[in-house]
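Student: Quick one, model11.cif (mmCIF, C-alpha atoms):
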data_my_file
loop_
_atom_site.group_PDB
_atom_site.id
_atom_site.type_symbol
_atom_site.label_atom_id
_atom_site.label_comp_id
_atom_site.auth_asym_id
_atom_site.auth_seq_id
_atom_site.Cartn_x
_atom_site.Cartn_y
_atom_site.Cartn_z
ATOM 1 C CA MET A 1 76.229 263.510 45.468
ATOM 2 C CA LYS A 2 76.078 261.180 48.465
ATOM 3 C CA ARG A 3 78.164 258.590 46.650
ATOM 4 C CA PHE A 4 80.793 261.198 45.917
ATOM 5 C CA ALA A 5 80.890 262.263 49.607
ATOM 6 C CA LYS A 6 81.212 258.659 50.762
ATOM 7 C CA ALA A 7 83.929 257.949 48.214
ATOM 8 C CA ALA A 8 85.829 261.099 49.185
ATOM 9 C CA ALA A 9 85.591 260.248 52.880
ATOM 10 C CA LEU A 10 86.763 256.679 52.257
ATOM 11 C CA LEU A 11 89.610 257.857 50.042
ATOM 12 C CA THR A 12 90.676 260.432 52.635
ATOM 13 C CA PHE A 13 90.594 257.839 55.390
ATOM 14 C CA CYS A 14 92.566 255.320 53.362
ATOM 15 C CA SER A 15 95.125 257.932 52.347
ATOM 16 C CA ALA A 16 95.598 259.056 55.921
ATOM 17 C CA ALA A 17 95.862 255.473 57.162
ATOM 18 C CA THR A 18 98.537 254.523 54.620
ATOM 19 C CA ALA A 19 100.464 257.754 55.075
ATOM 20 C CA CYS A 20 100.961 257.000 58.769
ATOM 21 C CA ASN A 21 102.437 253.559 58.099
ATOM 22 C CA GLY A 22 100.338 252.009 60.847
ATOM 23 C CA ARG A 23 101.144 254.658 63.435
ATOM 24 C CA PRO A 24 98.295 256.547 65.058
ATOM 25 C CA ALA A 25 97.558 259.911 63.491
ATOM 26 C CA PHE A 26 97.433 261.625 66.876
ATOM 27 C CA GLN A 27 98.703 261.213 70.391
ATOM 28 C CA PRO A 28 96.303 261.834 73.281
ATOM 29 C CA ILE A 29 97.303 264.679 75.561
ATOM 30 C CA LYS A 30 97.215 263.500 79.143
ATOM 31 C CA PRO A 31 97.134 265.813 82.130
ATOM 32 C CA SER A 32 99.203 264.989 85.181
ATOM 33 C CA ALA A 33 97.911 261.958 87.059
ATOM 34 C CA GLU A 34 97.775 263.818 90.380
ATOM 35 C CA ARG A 35 95.098 266.095 88.927
ATOM 36 C CA LEU A 36 92.859 263.184 87.971
ATOM 37 C CA VAL A 37 92.432 261.917 91.517
ATOM 38 C CA CYS A 38 89.597 263.092 93.709
ATOM 39 C CA GLU A 39 89.990 261.920 97.272
ATOM 40 C CA THR A 40 87.195 259.844 98.707
ATOM 41 C CA ARG A 41 85.503 260.885 101.894
ATOM 42 C CA GLY A 42 86.707 257.870 103.785
ATOM 43 C CA LEU A 43 84.882 256.191 106.595
ATOM 44 C CA ARG A 44 82.723 258.081 109.011
ATOM 45 C CA PRO A 45 84.252 258.354 112.461
ATOM 46 C CA THR A 46 82.823 256.580 115.451
ATOM 47 C CA ILE A 47 81.208 259.188 117.661
ATOM 48 C CA PRO A 48 81.673 258.514 121.365
ATOM 49 C CA PRO A 49 78.487 258.073 123.364
ATOM 50 C CA GLU A 50 76.874 260.985 125.117
ATOM 51 C CA TYR A 51 77.249 260.996 128.880
ATOM 52 C CA VAL A 52 73.925 260.323 130.614
ATOM 53 C CA ILE A 53 73.322 261.837 134.016
ATOM 54 C CA ASP A 54 71.719 259.521 136.521
ATOM 55 C CA TRP A 55 69.679 262.052 138.451
ATOM 56 C CA SER A 56 68.537 259.446 140.938
ATOM 57 C CA THR A 57 72.038 259.357 142.465
ATOM 58 C CA VAL A 58 72.534 263.124 142.607
ATOM 59 C CA THR A 59 71.802 264.499 146.049
ATOM 60 C CA THR A 60 73.839 267.716 146.293
ATOM 61 C CA VAL A 61 74.463 270.777 144.187
ATOM 62 C CA GLU A 62 78.155 269.884 143.918
ATOM 63 C CA GLN A 63 77.270 266.458 142.519
ATOM 64 C CA ALA A 64 74.888 268.089 140.046
ATOM 65 C CA ARG A 65 77.633 270.486 138.886
ATOM 66 C CA ALA A 66 80.117 267.643 138.499
ATOM 67 C CA GLU A 67 77.611 265.544 136.544
ATOM 68 C CA HIS A 68 76.761 268.513 134.338
ATOM 69 C CA GLN A 69 80.457 269.145 133.653
ATOM 70 C CA ARG A 70 80.916 265.505 132.606
ATOM 71 C CA TYR A 71 77.884 265.806 130.338
ATOM 72 C CA VAL A 72 79.208 269.005 128.715
ATOM 73 C CA ALA A 73 82.667 267.438 128.302
ATOM 74 C CA SER A 74 81.139 264.452 126.506
ATOM 75 C CA ILE A 75 79.189 266.759 124.185
ATOM 76 C CA ARG A 76 82.324 268.789 123.383
ATOM 77 C CA THR A 77 84.235 265.584 122.617
ATOM 78 C CA ARG A 78 81.485 264.460 120.253
ATOM 79 C CA GLU A 79 81.427 267.878 118.552
ATOM 80 C CA GLY A 80 85.206 267.730 118.112
ATOM 81 C CA VAL A 81 85.039 264.381 116.343
ATOM 82 C CA VAL A 82 82.278 265.590 114.007
ATOM 83 C CA ALA A 83 84.033 268.914 113.307
ATOM 84 C CA GLY A 84 87.278 267.098 112.495
ATOM 85 C CA TYR A 85 85.460 264.836 110.056
ATOM 86 C CA VAL A 86 83.725 267.783 108.373
ATOM 87 C CA LEU A 87 87.054 269.581 107.976
ATOM 88 C CA LYS A 88 88.626 266.496 106.377
ATOM 89 C CA VAL A 89 85.706 266.144 103.957
ATOM 90 C CA GLU A 90 85.782 269.851 103.098
ATOM 91 C CA ASP A 91 89.542 269.712 102.512
ATOM 92 C CA LYS A 92 89.185 266.764 100.154
ATOM 93 C CA LEU A 93 86.305 268.441 98.307
ATOM 94 C CA PHE A 94 88.418 271.597 97.986
ATOM 95 C CA VAL A 95 91.312 269.630 96.489
ATOM 96 C CA CYS A 96 88.958 267.874 94.074
ATOM 97 C CA SER A 97 87.338 271.182 93.095
ATOM 98 C CA ASN A 98 90.751 272.738 92.445
ATOM 99 C CA ASN A 99 91.731 269.741 90.321
ATOM 100 C CA THR A 100 88.524 270.067 88.318
ATOM 101 C CA GLN A 101 89.147 273.755 87.712
ATOM 102 C CA TRP A 102 92.737 273.007 86.687
ATOM 103 C CA LEU A 103 91.536 270.333 84.240
ATOM 104 C CA ARG A 104 89.004 272.752 82.725
ATOM 105 C CA GLU A 105 91.741 275.316 82.186
ATOM 106 C CA PHE A 106 94.178 272.668 80.899
ATOM 107 C CA PHE A 107 91.791 271.286 78.290
ATOM 108 C CA GLY A 108 90.397 274.758 77.512
ATOM 109 C CA ALA A 109 93.878 275.988 76.571
ATOM 110 C CA LEU A 110 94.411 273.211 74.021
ATOM 111 C CA PRO A 111 93.977 274.170 70.366
ATOM 112 C CA ASN A 112 90.812 272.882 68.728
#
Using structure tokens, write down the structure from this file.

Tutor:
Amino acid sequence: MKRFAKAAALLTFCSAATACNGRPAFQPIKPSAERLVCETRGLRPTIPPEYVIDWSTVTTVEQARAEHQRYVASIRTREGVVAGYVLKVEDKLFVCSNNTQWLREFFGALPN
């Protein structure tokens, strides 16, 4: 029985190969190239240094307020850089996720 199955498989393969005259029996279905690209995260940004208050030079309340405002401004600048980077990464992950979902639907709609 095994010999018969092997012979039938070989005969079927040979018949199919000669019937195509050297052309492939199928053509691969390719999705659009833009859907196959997932953006990379890119390089991490350089975070500016945090402002350090030199308390030894502060002698008045006004100086302390000014130093504190500089410190807070430096922190806000650092937070802005990090938040911008996170938004870029999230946007790229969102695009990649949408592409993946599109590819699932594309290949899921193909006949078996």

Student: Can you work out which one of A:Ser74, A:Arg65, A:Val37, A:Phe106 has the shortest atom-to-atom distance to A:Val52, counting all atoms listed in the file?

Tutor: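 Counting all atoms listed in the file, the residue closest to A:Val52 is A:Ser74.
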
Student: Applied to this file, what does the PyMOL selection byres ((chain A and resi 32) around 12) return in terms of residues, put as a PyMOL selection string?

Tutor: chain A and resi 29-31+33-37+99+102-103+106-107

Student: Rounded to one decimal in Å, what is the spacing between atom CA of A:Glu79 and atom CA of A:Cys38?

Tutor: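 We find that atom CA of A:Glu79 and atom CA of A:Cys38 lie 26.6 Å from each other.
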
Student: Rank nothing, just name the residue among A:Ala66, A:Ala109, A:Ala73, A:Val89 nearest to A:Pro48, using all atoms listed in the file.

Tutor: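 For A:Pro48, the nearest of the given residues is A:Ala73.
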
Student: Using Å and a single decimal, report how far atom CA of A:Glu50 sits from atom CA of A:His68.

Tutor: 11.9 Å

Student: Just give me the gap between atom CA of A:Thr46 and atom CA of A:Gly84 in Å, one decimal is fine.

Tutor: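 Separation of atom CA of A:Thr46 and atom CA of A:Gly84: 11.8 Å.
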
Student: Care to translate the PyMOL selection byres ((chain A and resi 44) around 10) into actual residues of this file, as a PDB file with C-alpha atoms, in the frame of the given file?

Tutor:
ATOM      1  CA  ARG A  41      85.503 260.885 101.894  1.00  0.00           C
ATOM      2  CA  GLY A  42      86.707 257.870 103.785  1.00  0.00           C
ATOM      3  CA  LEU A  43      84.882 256.191 106.595  1.00  0.00           C
ATOM      4  CA  PRO A  45      84.252 258.354 112.461  1.00  0.00           C
ATOM      5  CA  THR A  46      82.823 256.580 115.451  1.00  0.00           C
ATOM      6  CA  ILE A  47      81.208 259.188 117.661  1.00  0.00           C
ATOM      7  CA  VAL A  81      85.039 264.381 116.343  1.00  0.00           C
ATOM      8  CA  VAL A  82      82.278 265.590 114.007  1.00  0.00           C
ATOM      9  CA  TYR A  85      85.460 264.836 110.056  1.00  0.00           C
ATOM     10  CA  VAL A  86      83.725 267.783 108.373  1.00  0.00           C
ATOM     11  CA  VAL A  89      85.706 266.144 103.957  1.00  0.00           C
TER      12      VAL A  89
END

Student: Counting all atoms listed in the file, which residue out of A:Gly80, A:Thr100, A:Glu105, A:Glu67 sits closest to A:Trp55?

Tutor: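 Selected residue with least distance to A:Trp55: A:Glu67.
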